[in-house]
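*Asks:* Contents of data_29.cif (mmCIF, C-alpha atoms) are given next:
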data_final
#
loop_
_atom_site.label_atom_id
_atom_site.label_comp_id
_atom_site.auth_asym_id
_atom_site.auth_seq_id
_atom_site.Cartn_x
_atom_site.Cartn_y
_atom_site.Cartn_z
CA MET A 1 135.77 119.60 176.10
CA LYS A 2 132.39 117.90 176.42
CA LYS A 3 133.83 115.25 178.75
CA GLU A 4 135.44 117.92 180.94
CA ALA A 5 132.16 119.86 181.13
CA LYS A 6 130.31 116.66 182.01
CA ASN A 7 132.82 115.75 184.73
CA ALA A 8 132.67 119.27 186.12
CA LYS A 9 128.88 119.04 186.27
CA GLN A 10 129.05 115.75 188.13
CA LYS A 11 131.55 117.18 190.65
CA GLU A 12 129.19 119.99 191.69
CA PRO A 13 128.59 119.88 195.45
CA LEU A 14 125.24 118.54 196.61
CA THR A 15 123.22 121.19 198.39
CA MET A 16 120.52 120.51 200.97
CA THR A 17 117.93 121.44 198.36
CA ALA A 18 119.33 118.80 196.01
CA LEU A 19 119.38 116.22 198.81
CA LEU A 20 115.73 116.88 199.71
CA ARG A 21 114.40 117.25 196.15
CA ARG A 22 111.79 114.59 195.33
CA ASN A 23 112.99 112.88 192.17
CA PRO A 24 110.96 110.94 189.61
CA VAL A 25 110.96 107.16 189.65
CA PRO A 26 114.43 106.04 188.46
CA PHE A 27 114.73 105.82 184.70
CA GLY A 28 115.46 102.83 182.48
CA ASP A 29 115.97 99.32 183.81
CA VAL A 30 116.35 100.65 187.36
CA ARG A 31 112.64 101.45 187.45
CA LYS A 32 111.54 97.84 187.87
CA TYR A 33 113.98 97.47 190.75
CA TYR A 34 112.49 100.53 192.41
CA TYR A 35 109.00 99.03 192.29
CA ALA A 36 110.37 95.71 193.52
CA ALA A 37 111.98 97.55 196.42
CA CYS A 38 108.61 99.12 197.27
CA ILE A 39 107.28 95.61 197.84
CA GLY A 40 110.52 94.47 199.47
CA THR A 41 110.47 97.17 202.15
CA VAL A 42 106.90 96.25 203.09
CA ALA A 43 107.91 92.58 203.16
CA LEU A 44 110.81 93.46 205.49
CA LEU A 45 108.46 95.22 207.91
CA THR A 46 105.97 92.33 207.68
CA LEU A 47 108.59 89.71 208.52
CA CYS A 48 110.12 91.70 211.37
CA PHE A 49 106.65 92.38 212.79
CA HIS A 50 105.86 88.66 212.63
CA ILE A 51 109.14 87.79 214.35
CA SER A 52 108.31 90.31 217.08
CA VAL A 53 104.78 88.91 217.54
CA VAL A 54 106.14 85.38 217.88
CA ALA A 55 108.72 86.56 220.40
CA ILE A 56 106.05 88.26 222.52
CA ALA A 57 103.52 85.43 222.19
CA LEU A 58 106.04 82.79 223.31
CA ARG A 59 107.39 84.64 226.32
CA THR A 60 107.52 82.80 229.63
CA ASP A 61 108.51 83.77 233.15
CA THR A 62 112.01 82.47 232.49
CA CYS A 63 112.48 83.49 228.85
CA GLU A 64 111.88 86.94 227.34
CA GLN A 65 112.87 85.88 223.78
CA LEU A 66 113.34 89.47 222.48
CA SER A 67 113.29 92.56 224.67
CA ASN A 68 110.74 95.33 224.14
CA VAL A 69 113.51 97.84 223.43
CA PHE A 70 114.91 95.61 220.67
CA ILE A 71 111.46 95.14 219.13
CA VAL A 72 110.76 98.88 219.14
CA PHE A 73 114.06 99.69 217.43
CA LEU A 74 113.68 96.85 214.92
CA LEU A 75 110.20 97.95 213.80
CA LEU A 76 111.16 101.64 213.90
CA PHE A 77 114.02 101.15 211.45
CA CYS A 78 111.85 98.93 209.23
CA ILE A 79 109.32 101.77 209.00
CA THR A 80 112.15 104.26 208.36
CA THR A 81 113.32 102.06 205.48
CA ILE A 82 109.89 102.39 203.86
CA VAL A 83 109.61 106.13 204.48
CA GLY A 84 113.08 106.86 203.16
CA HIS A 85 112.47 104.80 200.02
CA GLN A 86 109.14 106.53 199.34
CA MET A 87 110.74 109.99 199.70
CA ARG A 88 112.60 109.38 196.39
CA SER A 89 115.23 111.96 197.31
CA LEU A 90 118.95 111.40 197.71
CA LEU A 91 118.62 111.92 201.45
CA GLY A 92 115.66 109.54 201.55
CA TYR A 93 117.59 106.82 199.76
CA GLY A 94 120.45 107.32 202.19
CA ILE A 95 118.11 107.03 205.17
CA SER A 96 116.60 103.89 203.67
CA ALA A 97 120.03 102.35 203.13
CA VAL A 98 121.23 103.12 206.66
CA SER A 99 117.98 101.82 208.15
CA SER A 100 118.14 98.53 206.25
CA LEU A 101 121.77 98.14 207.37
CA ILE A 102 120.76 98.67 211.00
CA VAL A 103 117.94 96.11 210.64
CA LEU A 104 120.47 93.63 209.26
CA LEU A 105 122.88 94.27 212.14
CA LEU A 106 120.11 93.93 214.72
CA LEU A 107 118.99 90.61 213.30
CA GLN A 108 122.52 89.30 212.88
CA PHE A 109 124.18 90.33 216.13
CA TYR A 110 121.45 90.50 218.78
CA HIS A 111 122.92 89.03 221.99
CA GLY A 112 125.97 88.04 219.96
CA THR A 113 124.18 85.10 218.32
CA GLY A 114 121.57 86.88 216.23
CA VAL A 115 117.78 86.70 216.56
CA MET A 116 116.65 83.20 217.55
CA ILE A 117 113.33 82.06 219.01
CA ILE A 118 114.06 79.58 221.82
CA SER A 119 111.77 76.57 221.52
CA ASN A 120 113.16 73.88 223.83
CA LEU A 121 111.71 75.14 227.10
CA PRO A 122 109.98 72.48 229.25
CA GLU A 123 106.72 74.45 229.55
CA TYR A 124 106.32 74.52 225.74
CA GLY A 125 104.14 71.95 224.02
CA GLU A 126 105.12 70.15 220.84
CA VAL A 127 103.35 72.67 218.61
CA PHE A 128 105.35 75.62 219.90
CA ARG A 129 108.59 73.65 219.75
CA ASP A 130 107.99 72.76 216.10
CA GLY A 131 106.41 76.06 215.11
CA ALA A 132 109.27 78.16 216.45
CA LYS A 133 111.57 76.48 213.94
CA SER A 134 109.63 78.11 211.09
CA THR A 135 110.59 81.52 212.46
CA ASP A 136 114.25 80.80 211.65
CA PHE A 137 113.37 80.91 207.95
CA TRP A 138 111.62 84.28 208.28
CA VAL A 139 114.64 85.69 210.14
CA LEU A 140 116.94 84.51 207.35
CA LEU A 141 114.62 85.92 204.67
CA ALA A 142 114.45 89.28 206.46
CA LYS A 143 118.25 89.44 206.48
CA ALA A 144 118.37 88.65 202.76
CA ILE A 145 115.81 91.36 201.95
CA ALA A 146 117.74 93.90 204.04
CA VAL A 147 120.97 93.10 202.16
CA VAL A 148 119.31 93.27 198.74
CA HIS A 149 117.59 96.54 199.57
CA LEU A 150 120.86 98.04 200.79
CA LEU A 151 122.54 97.18 197.48
CA LEU A 152 119.58 98.39 195.43
CA THR A 153 119.56 101.73 197.26
CA VAL A 154 123.13 102.32 196.08
CA VAL A 155 121.88 101.69 192.53
CA PHE A 156 119.01 104.18 193.01
CA ILE A 157 121.37 106.87 194.29
CA ASN A 158 123.77 106.34 191.40
CA SER A 159 120.93 106.39 188.87
CA THR A 160 119.41 109.56 190.36
CA ILE A 161 122.73 111.40 190.17
CA LYS A 162 123.81 110.28 186.70
CA VAL A 163 120.64 109.55 184.68
CA LYS A 164 118.48 112.63 184.19
CA GLU A 165 116.25 111.44 181.33
CA GLU A 166 114.85 108.22 179.93
CA PRO A 167 117.67 106.41 178.06
CA ALA A 168 117.20 104.97 174.59
CA LEU A 169 115.89 101.42 174.43
CA LYS A 170 118.29 98.64 173.58
CA GLY A 171 118.54 94.87 173.64
CA MET A 172 115.51 92.96 174.93
CA ASN A 173 113.78 96.22 175.91
CA VAL A 174 113.26 96.96 172.22
CA GLN A 175 111.26 93.73 171.80
CA ILE A 176 109.32 94.42 174.99
CA GLN A 177 108.42 97.90 173.75
CA LYS A 178 107.21 96.44 170.44
CA ILE A 179 104.94 94.07 172.34
CA LYS A 180 103.61 96.99 174.43
CA ASP A 181 102.97 99.04 171.28
CA TRP A 182 101.14 96.11 169.70
CA MET A 183 99.01 95.69 172.83
CA ASP A 184 98.23 99.42 172.91
CA LYS A 185 97.15 99.33 169.29
CA ASN A 186 95.19 96.08 169.22
CA ASN A 187 93.97 95.72 172.81
CA ASN A 188 94.33 98.75 175.08
CA SER A 189 92.99 101.19 172.48
CA LEU A 190 89.61 99.44 172.60
CA PRO A 191 87.01 100.48 175.21
CA ALA A 192 86.95 98.65 178.53
CA GLY A 193 84.90 95.47 178.32
CA ARG A 194 85.55 95.08 174.60
CA ARG A 195 89.24 94.25 174.75
CA ALA A 196 90.53 90.78 173.97
CA SER A 197 92.21 90.64 177.38
CA ASP A 198 88.84 91.15 179.10
CA TYR A 199 87.36 88.12 177.32
CA TRP A 200 90.42 86.00 178.07
CA PHE A 201 90.38 86.82 181.78
CA VAL A 202 86.67 86.10 182.06
CA ALA A 203 86.99 82.87 180.06
CA GLY A 204 89.95 81.77 182.17
CA SER A 205 88.07 82.49 185.41
CA ILE A 206 85.05 80.49 184.24
CA PHE A 207 87.24 77.58 183.16
CA LEU A 208 89.09 77.49 186.49
CA TRP A 209 85.77 77.69 188.34
CA MET A 210 84.52 74.67 186.41
CA ILE A 211 87.60 72.68 187.45
CA SER A 212 87.49 73.75 191.09
CA VAL A 213 83.81 73.07 191.78
CA ALA A 214 83.54 69.76 193.64
CA TYR A 215 80.15 69.93 195.31
CA ASN A 216 80.07 68.95 198.95
CA PRO A 217 76.81 69.09 200.98
CA THR A 218 78.55 70.88 203.85
CA MET A 219 79.82 73.64 201.55
CA GLY A 220 77.01 73.94 199.02
CA LYS A 221 76.14 77.53 199.91
CA PHE A 222 79.73 78.60 199.22
CA ASP A 223 79.53 77.01 195.77
CA TYR A 224 76.48 79.13 195.04
CA TRP A 225 78.09 82.28 196.44
CA SER A 226 81.11 81.69 194.22
CA MET A 227 78.94 81.02 191.19
CA GLY A 228 76.83 84.11 191.81
CA LEU A 229 79.86 86.39 192.09
CA LEU A 230 81.39 84.82 188.98
CA ILE A 231 78.24 85.52 186.97
CA ALA A 232 77.97 89.05 188.36
CA GLY A 233 81.61 89.76 187.55
CA SER A 234 81.28 88.44 184.00
CA VAL A 235 78.16 90.53 183.35
CA LEU A 236 79.83 93.66 184.73
CA VAL A 237 82.83 93.16 182.45
CA PHE A 238 80.58 92.85 179.40
CA LEU A 239 78.74 96.00 180.55
CA LYS A 240 82.11 97.82 180.50
CA GLY A 241 82.43 97.88 184.30
CA THR A 242 85.75 96.05 184.17
CA PHE A 243 87.06 97.25 187.54
CA SER A 244 83.91 96.20 189.39
CA GLY A 245 83.80 92.97 187.39
CA ALA A 246 87.41 92.16 188.23
CA PHE A 247 86.63 92.71 191.91
CA MET A 248 83.70 90.27 191.73
CA LEU A 249 85.81 87.67 189.91
CA THR A 250 88.50 87.98 192.59
CA ALA A 251 85.95 87.57 195.39
CA SER A 252 84.55 84.48 193.65
CA ALA A 253 88.01 82.94 193.33
CA LEU A 254 88.84 83.72 196.96
CA ILE A 255 85.72 81.93 198.18
CA ARG A 256 86.86 78.82 196.30
CA CYS A 257 90.29 79.03 197.96
CA THR A 258 88.60 79.18 201.35
CA MET A 259 86.33 76.22 200.58
CA TYR A 260 89.14 73.89 199.63
CA GLN A 261 91.80 74.98 202.11
CA LEU A 262 93.15 71.81 203.79
CA ARG A 263 89.93 69.89 203.11
CA PHE A 264 90.72 67.81 200.05
CA GLY A 265 94.50 67.86 200.10
CA PHE A 266 96.64 68.65 197.06
CA CYS A 267 94.19 67.88 194.23
CA ALA A 268 92.88 69.48 191.04
CA PRO A 269 90.17 71.65 192.70
CA VAL A 270 92.71 73.09 195.14
CA VAL A 271 95.25 73.87 192.40
CA ALA A 272 92.54 75.40 190.17
CA ALA A 273 91.26 77.51 193.07
CA TYR A 274 94.66 79.02 193.80
CA ILE A 275 95.47 79.57 190.12
CA GLY A 276 92.08 81.26 189.86
CA ILE A 277 92.79 83.75 192.64
CA TRP A 278 96.14 84.75 191.12
CA VAL A 279 94.59 85.16 187.66
CA ALA A 280 91.77 87.28 189.11
CA LEU A 281 94.22 89.37 191.16
CA LEU A 282 96.29 90.03 188.02
CA TYR A 283 93.17 91.25 186.22
CA LEU A 284 92.21 93.45 189.19
CA ALA A 285 95.76 94.84 189.37
CA LEU A 286 95.73 95.75 185.66
CA GLU A 287 92.38 97.52 186.03
CA THR A 288 93.63 99.31 189.14
CA MET A 289 96.71 100.61 187.31
CA ARG A 290 94.52 101.77 184.41
CA LEU A 291 92.24 103.77 186.70
CA ARG A 292 95.21 105.05 188.67
CA GLN A 293 96.81 106.43 185.51
CA LEU A 294 93.54 108.08 184.49
CA SER A 295 93.09 109.70 187.91
CA GLN A 296 96.66 111.05 187.86
CA LYS A 297 96.02 112.72 184.52
CA GLU A 298 92.94 114.47 185.85
CA LYS A 299 93.17 117.80 187.63
CA LYS A 300 92.76 117.14 191.34
CA LYS A 301 92.74 119.14 194.54
CA THR A 302 95.66 118.82 196.92
CA TRP A 303 93.73 117.29 199.81
CA THR A 304 92.06 114.63 197.66
CA GLY A 305 95.38 113.62 196.14
CA ILE A 306 96.94 113.28 199.59
CA LEU A 307 94.04 111.13 200.84
CA LYS A 308 94.22 108.88 197.79
CA ASP A 309 97.92 108.32 198.44
CA VAL A 310 97.48 107.71 202.18
CA PHE A 311 94.48 105.36 202.28
CA PRO A 312 96.18 102.39 200.54
CA TRP A 313 98.71 102.33 203.38
CA PHE A 314 95.91 101.30 205.75
CA ALA A 315 95.63 98.12 203.68
CA VAL A 316 99.40 97.66 203.97
CA ALA A 317 99.16 97.97 207.77
CA CYS A 318 96.32 95.46 207.70
CA PHE A 319 98.46 93.03 205.71
CA VAL A 320 101.33 93.39 208.20
CA ALA A 321 99.01 92.54 211.11
CA CYS A 322 97.20 89.72 209.31
CA PHE A 323 100.39 88.02 208.18
CA SER A 324 101.35 87.34 211.79
CA MET A 325 97.93 85.86 212.51
CA HIS A 326 98.20 83.85 209.29
CA GLU A 327 101.54 82.36 210.27
CA MET A 328 100.56 81.75 213.90
CA THR A 329 97.48 79.88 212.68
CA SER A 330 99.46 77.93 210.11
CA ALA A 331 102.60 76.99 212.06
CA PHE A 332 101.59 77.09 215.72
CA SER A 333 97.93 76.04 215.77
CA GLY A 334 97.91 72.29 216.35
CA SER A 335 94.92 70.04 215.72
CA TYR A 336 92.32 72.12 217.59
CA MET A 337 92.04 74.98 215.11
CA GLY A 338 90.72 73.36 211.95
CA TYR A 339 88.00 75.97 211.41
CA GLN A 340 90.53 78.79 211.62
CA LYS A 341 92.73 77.15 209.00
CA ASP A 342 89.92 77.54 206.47
CA ASN A 343 90.43 81.30 206.83
CA LEU A 344 94.13 81.29 205.92
CA PRO A 345 93.52 82.43 202.31
CA LEU A 346 91.31 85.25 203.58
CA LEU A 347 93.98 86.54 205.95
CA PHE A 348 96.49 86.73 203.09
CA PHE A 349 94.47 87.76 200.03
CA LEU A 350 91.87 90.15 201.49
CA PRO A 351 94.44 92.82 202.49
CA VAL A 352 95.92 92.53 198.98
CA MET A 353 92.46 93.04 197.47
CA ALA A 354 91.90 96.04 199.75
CA PHE A 355 95.16 97.64 198.63
CA LEU A 356 94.30 97.23 194.95
CA VAL A 357 90.79 98.67 195.16
CA LEU A 358 91.99 101.59 197.29
CA TRP A 359 94.98 102.26 195.03
CA ALA A 360 92.63 102.88 192.10
CA GLY A 361 91.57 106.15 193.75
CA ARG A 362 87.91 105.98 192.65
CA TRP A 363 84.94 106.57 194.93
CA TRP A 364 83.43 103.14 194.26
CA GLY A 365 86.80 101.57 195.11
CA TYR A 366 86.38 102.83 198.67
CA PHE A 367 83.02 101.06 198.90
CA PHE A 368 84.79 97.88 197.77
CA GLY A 369 87.53 98.51 200.33
CA ALA A 370 84.92 98.82 203.08
CA ALA A 371 83.31 95.55 201.95
CA VAL A 372 86.69 93.79 201.99
CA PHE A 373 87.44 95.01 205.52
CA VAL A 374 84.02 93.89 206.77
CA TRP A 375 84.63 90.50 205.17
CA LEU A 376 87.99 90.24 206.91
CA TRP A 377 86.45 91.34 210.22
CA ASP A 378 83.79 88.65 209.90
CA SER A 379 86.41 85.99 209.10
CA LEU A 380 88.24 86.85 212.33
CA ARG A 381 85.15 87.15 214.48
CA ASN A 382 83.18 84.13 213.24
CA ALA A 383 85.93 81.77 212.18
CA THR A 384 84.96 79.05 214.62
CA PRO A 385 81.96 78.00 216.74
CA LEU A 386 84.37 76.69 219.40
CA ASN A 387 86.24 78.35 222.27
CA GLY A 388 83.77 81.23 222.60
CA ARG A 389 84.33 82.15 218.94
CA LYS A 390 87.86 83.28 219.74
CA PHE A 391 90.07 83.15 216.68
CA PHE A 392 92.97 81.68 218.65
CA GLY A 393 92.57 78.76 221.00
CA PHE A 394 95.79 77.09 222.16
CA SER A 395 93.88 74.99 224.66
CA SER A 396 95.53 71.57 224.38
CA LEU A 397 97.94 70.94 227.26
CA GLU A 398 99.66 68.17 225.34
CA GLU A 399 100.17 70.19 222.15
CA HIS A 400 100.50 73.71 223.54
CA GLY A 401 101.94 73.12 226.98
CA GLU A 402 101.47 75.39 229.97
CA ILE A 403 102.03 78.53 227.90
CA GLY A 404 99.02 77.90 225.66
CA GLU A 405 96.57 79.99 227.66
CA ARG A 406 98.91 82.98 227.88
CA THR A 407 99.72 82.73 224.17
CA THR A 408 96.00 82.71 223.39
CA GLU A 409 95.48 85.89 225.39
CA ARG A 410 98.39 87.67 223.73
CA MET A 411 97.34 86.72 220.22
CA MET A 412 93.73 87.69 220.93
CA VAL A 413 94.96 91.19 221.80
CA LEU A 414 96.32 91.45 218.25
CA ALA A 415 93.18 89.88 216.75
CA ASN A 416 90.77 92.12 218.71
CA GLY A 417 92.80 95.22 217.91
CA THR A 418 92.80 94.33 214.23
CA MET A 419 89.05 93.69 214.23
CA LEU A 420 88.38 97.06 215.87
CA ALA A 421 90.60 98.84 213.34
CA LEU A 422 88.86 97.05 210.44
CA ILE A 423 85.40 98.23 211.50
CA ILE A 424 86.61 101.80 212.03
CA LEU A 425 88.31 101.82 208.61
CA ALA A 426 85.26 100.31 206.92
CA VAL A 427 83.06 103.13 208.26
CA LEU A 428 85.71 105.67 207.28
CA PHE A 429 85.89 104.36 203.72
CA VAL A 430 82.11 104.47 203.32
CA CYS A 431 82.14 108.12 204.42
CA VAL A 432 85.07 108.91 202.12
CA ALA A 433 83.33 107.19 199.19
CA CYS A 434 80.25 109.35 199.73
CA VAL A 435 82.32 112.54 199.97
CA PHE A 436 84.28 111.71 196.81
CA PHE A 437 81.07 110.75 194.98
CA PHE A 438 79.36 114.07 195.68
CA LYS A 439 82.55 116.01 195.00
CA GLU A 440 83.01 114.28 191.64
CA ARG A 441 79.38 114.91 190.78
CA LYS A 442 79.72 118.57 191.73
CA ASP A 443 82.91 118.96 189.67
CA ASN A 444 81.26 117.33 186.65
CA HIS A 445 78.26 119.65 186.86
CA GLY A 446 80.60 122.61 187.19
CA THR A 447 82.52 121.51 184.09
CA GLU A 448 79.33 121.04 182.08
CA ALA A 449 78.06 124.47 183.11
#
Once you've parsed the file, please lay out its structure as structure tokens.
*Replies:*
Amino acid sequence: MKKEAKNAKQKEPLTMTALLRRNPVPFGDVRKYYYAACIGTVALLTLCFHISVVAIALRTDTCEQLSNVFIVFLLLFCITTIVGHQMRSLLGYGISAVSSLIVLLLLQFYHGTGVMIISNLPEYGEVFRDGAKSTDFWVLLAKAIAVVHLLLTVVFINSTIKVKEEPALKGMNVQIQKIKDWMDKNNNSLPAGRRASDYWFVAGSIFLWMISVAYNPTMGKFDYWSMGLLIAGSVLVFLKGTFSGAFMLTASALIRCTMYQLRFGFCAPVVAAYIGIWVALLYLALETMRLRQLSQKEKKKTWTGILKDVFPWFAVACFVACFSMHEMTSAFSGSYMGYQKDNLPLLFFLPVMAFLVLWAGRWWGYFFGAAVFVWLWDSLRNATPLNGRKFFGFSSLEEHGEIGERTTERMMVLANGTMLALIILAVLFVCVACVFFFKERKDNHGTEA
């Protein structure tokens, strides 16, 4: 009888209300796949945007690469994939699945051969011929992500329909839960700045800084900047300002990555610098999640909650734009853009830092977000003393061919647009931080009264 009742319940028709209902994050083991898909959908948009930028930048009078109509539809369905996934409704999952399928079909069957960047044109220089080959990998990766997301969406729909509550733990999840309980009891229950994990992250950051410091007269001021931020971050952690301290430690590690990018080759300082930035980002991510959970427990007004959910997406948009500039600088630059290559870590990690500090939802996080955007703006505007301080300069006829000047102009449109958006967002975040600060102060006084 119970099985018949259960089957009858499952066979109930889905109404429009049920299709549009926003569901919780999938339960059980499916939850980690949902969060992975959140990153995967953004990665899909990032890759397709980069492919589109390359196609536009490498256009000639005789070769269009990809048409504007194709690019619009490709990016539109990538965005729809993200929106549908974030809706967390059955209809949203369906939209996300269909959109990822369309993206896959567009990439696979465009012009009957699939998306390919033509690189053997006579007006191309050697850099563009070699750099275009790297785009083939991003096209293949975008296809793989689209397929995986399509399959995962089926899993999310099935889980939403059948699993209505958190299932009992079993197998390895039991051991994982025991470790979490032990951490909650012995580490997370302690006040911020007094936990064992805080000391370990600070000690690890200091140790990696000691390995990565290789003083060079031309970069001495950066050594001191890195050391100053490291000391400030450590002091803030010990003063229980773990979020601010983690931000300072991350900034210190990022400066070291910038110092050693392509200057000393693959050596101990370079490895220590990049390990340092990932360690610091992990610490910042943990502190962000802690503050995020605290802010969600607090009673909040509707408009503030909406703003706190929307603002991190500006950092995502920034990452999408910067990834294309990162890859164009890395794969297409040639030997005349050495200064710009020092900024490659900034183009990748600064948008990630901005997302984390904005995701925390605290007023001081918006000040940090503004600082990160100003830093990124400065790295684009003052990356090089050559070529009129333009970030892109494909000026070598031998390496860049006849299309170099036009490619420079097209890429500078993206760079200038990004710089303008960064300054506007930085000002916006400062204003928002002030508004949230006074609102929080007013609410606290009202509670005390």
*Asks:* Have a look at atom CA of A:Gly112 and atom CA of A:Glu126 and let me know their distance in Å, one decimal.
*Replies:*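 Interatomic distance, atom CA of A:Gly112 to atom CA of A:Glu126: 27.5 Å.
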*Asks:* Quick one: distance from atom CA of A:Phe392 to atom CA of A:Trp377 in Å, one decimal?
*Replies:*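 Atom-to-atom, atom CA of A:Phe392 to atom CA of A:Trp377, that is 14.4 Å.
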*Asks:* Given the file shown, determine the residues that the PyMOL selection byres ((chain A and resi 257) around 10) selects; report them as an MDAnalysis selection string.
*Replies:* chainID A and resid 212 251:256 258:262 269:277 342:346 349
*Asks:* Could you save the residues just selected, with C-alpha atoms, as a PDB file, in the frame of the given file?
*Replies:*
ATOM      1  CA  SER A 212      87.490  73.750 191.090  1.00  0.00           C
ATOM      2  CA  ALA A 251      85.950  87.570 195.390  1.00  0.00           C
ATOM      3  CA  SER A 252      84.550  84.480 193.650  1.00  0.00           C
ATOM      4  CA  ALA A 253      88.010  82.940 193.330  1.00  0.00           C
ATOM      5  CA  LEU A 254      88.840  83.720 196.960  1.00  0.00           C
ATOM      6  CA  ILE A 255      85.720  81.930 198.180  1.00  0.00           C
ATOM      7  CA  ARG A 256      86.860  78.820 196.300  1.00  0.00           C
ATOM      8  CA  THR A 258      88.600  79.180 201.350  1.00  0.00           C
ATOM      9  CA  MET A 259      86.330  76.220 200.580  1.00  0.00           C
ATOM     10  CA  TYR A 260      89.140  73.890 199.630  1.00  0.00           C
ATOM     11  CA  GLN A 261      91.800  74.980 202.110  1.00  0.00           C
ATOM     12  CA  LEU A 262      93.150  71.810 203.790  1.00  0.00           C
ATOM     13  CA  PRO A 269      90.170  71.650 192.700  1.00  0.00           C
ATOM     14  CA  VAL A 270      92.710  73.090 195.140  1.00  0.00           C
ATOM     15  CA  VAL A 271      95.250  73.870 192.400  1.00  0.00           C
ATOM     16  CA  ALA A 272      92.540  75.400 190.170  1.00  0.00           C
ATOM     17  CA  ALA A 273      91.260  77.510 193.070  1.00  0.00           C
ATOM     18  CA  TYR A 274      94.660  79.020 193.800  1.00  0.00           C
ATOM     19  CA  ILE A 275      95.470  79.570 190.120  1.00  0.00           C
ATOM     20  CA  GLY A 276      92.080  81.260 189.860  1.00  0.00           C
ATOM     21  CA  ILE A 277      92.790  83.750 192.640  1.00  0.00           C
ATOM     22  CA  ASP A 342      89.920  77.540 206.470  1.00  0.00           C
ATOM     23  CA  ASN A 343      90.430  81.300 206.830  1.00  0.00           C
ATOM     24  CA  LEU A 344      94.130  81.290 205.920  1.00  0.00           C
ATOM     25  CA  PRO A 345      93.520  82.430 202.310  1.00  0.00           C
ATOM     26  CA  LEU A 346      91.310  85.250 203.580  1.00  0.00           C
ATOM     27  CA  PHE A 349      94.470  87.760 200.030  1.00  0.00           C
TER      28      PHE A 349
END
*Asks:* Starting from the shown file, work through the PyMOL selection byres ((chain A and resi 242) around 10) and note down what comes out as a list in words.
*Replies:* Ala192, Gly193, Arg194, Asp198, Gly233, Ser234, Val235, Leu236, Val237, Phe238, Leu239, Lys240, Gly241, Phe243, Ser244, Gly245, Ala246, Phe247, Met248, Tyr283, Leu284, Glu287 and Thr288 of chain A
*Asks:* When distances are computed from all atoms listed in the file, which of A:Leu307, A:Val25, A:Leu358, A:Val372 shows the smallest separation from A:Ala37?
*Replies:*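 Going through A:Leu307, A:Val25, A:Leu358, A:Val372 one by one, the smallest distance to A:Ala37 is for A:Val25.
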*Asks:* Excluding same-chain residues fewer than 2 positions from A:Ile102, what lies within 12 Å of it counting all atoms listed in the file, as a ChimeraX atom specification?
*Replies:* /A:70,73-78,80-81,95-100,104-110,143,146-147,150
*Asks:* Choose the residue, out of A:Asp29, A:Gly92, A:Val72, A:Leu151, that has the smallest atom-to-atom separation from A:Lys170; count only C-alpha atoms.
*Replies:* A:Asp29
*Asks:* Considering all atoms listed in the file, state which residue in the set A:Lys133, A:Arg362, A:His400, A:Arg406 is at the smallest distance from A:Ile56.
*Replies:*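 Of the candidates, the smallest distance to A:Ile56 is held by A:Arg406.
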*Asks:* Which one is closest to A:Val279: A:Ile71, A:Val435, A:Phe367, A:Trp200? Count all atoms listed in the file.
*Replies:*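 Smallest distance to A:Val279 is found for A:Trp200.
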*Asks:* Tell me which residues the PyMOL selection byres ((chain A and resi 131) around 9) grabs here, as a PyMOL selection string.
*Replies:* chain A and resi 119+126-130+132-135+328+330-333
*Asks:* Considering all atoms listed in the file, state which residue in the set A:Leu152, A:Val357, A:Met227, A:Ile51 is at the smallest distance from A:Met289.
*Replies:* A:Val357
*Asks:* Mind giving me the straight-line distance from atom CA of A:Phe319 to atom CA of A:Ala421 in Å, one decimal?
*Replies:*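 Those two atoms sit 12.4 Å apart.
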*Asks:* Identify which of the residues A:Met116, A:Leu45, A:Leu101, A:Leu397 lies closest to A:Ser324, counting only C-alpha atoms when measuring atom-to-atom distances.
*Replies:*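 Between A:Met116, A:Leu45, A:Leu101, A:Leu397, the residue approaching A:Ser324 most closely is A:Leu45.
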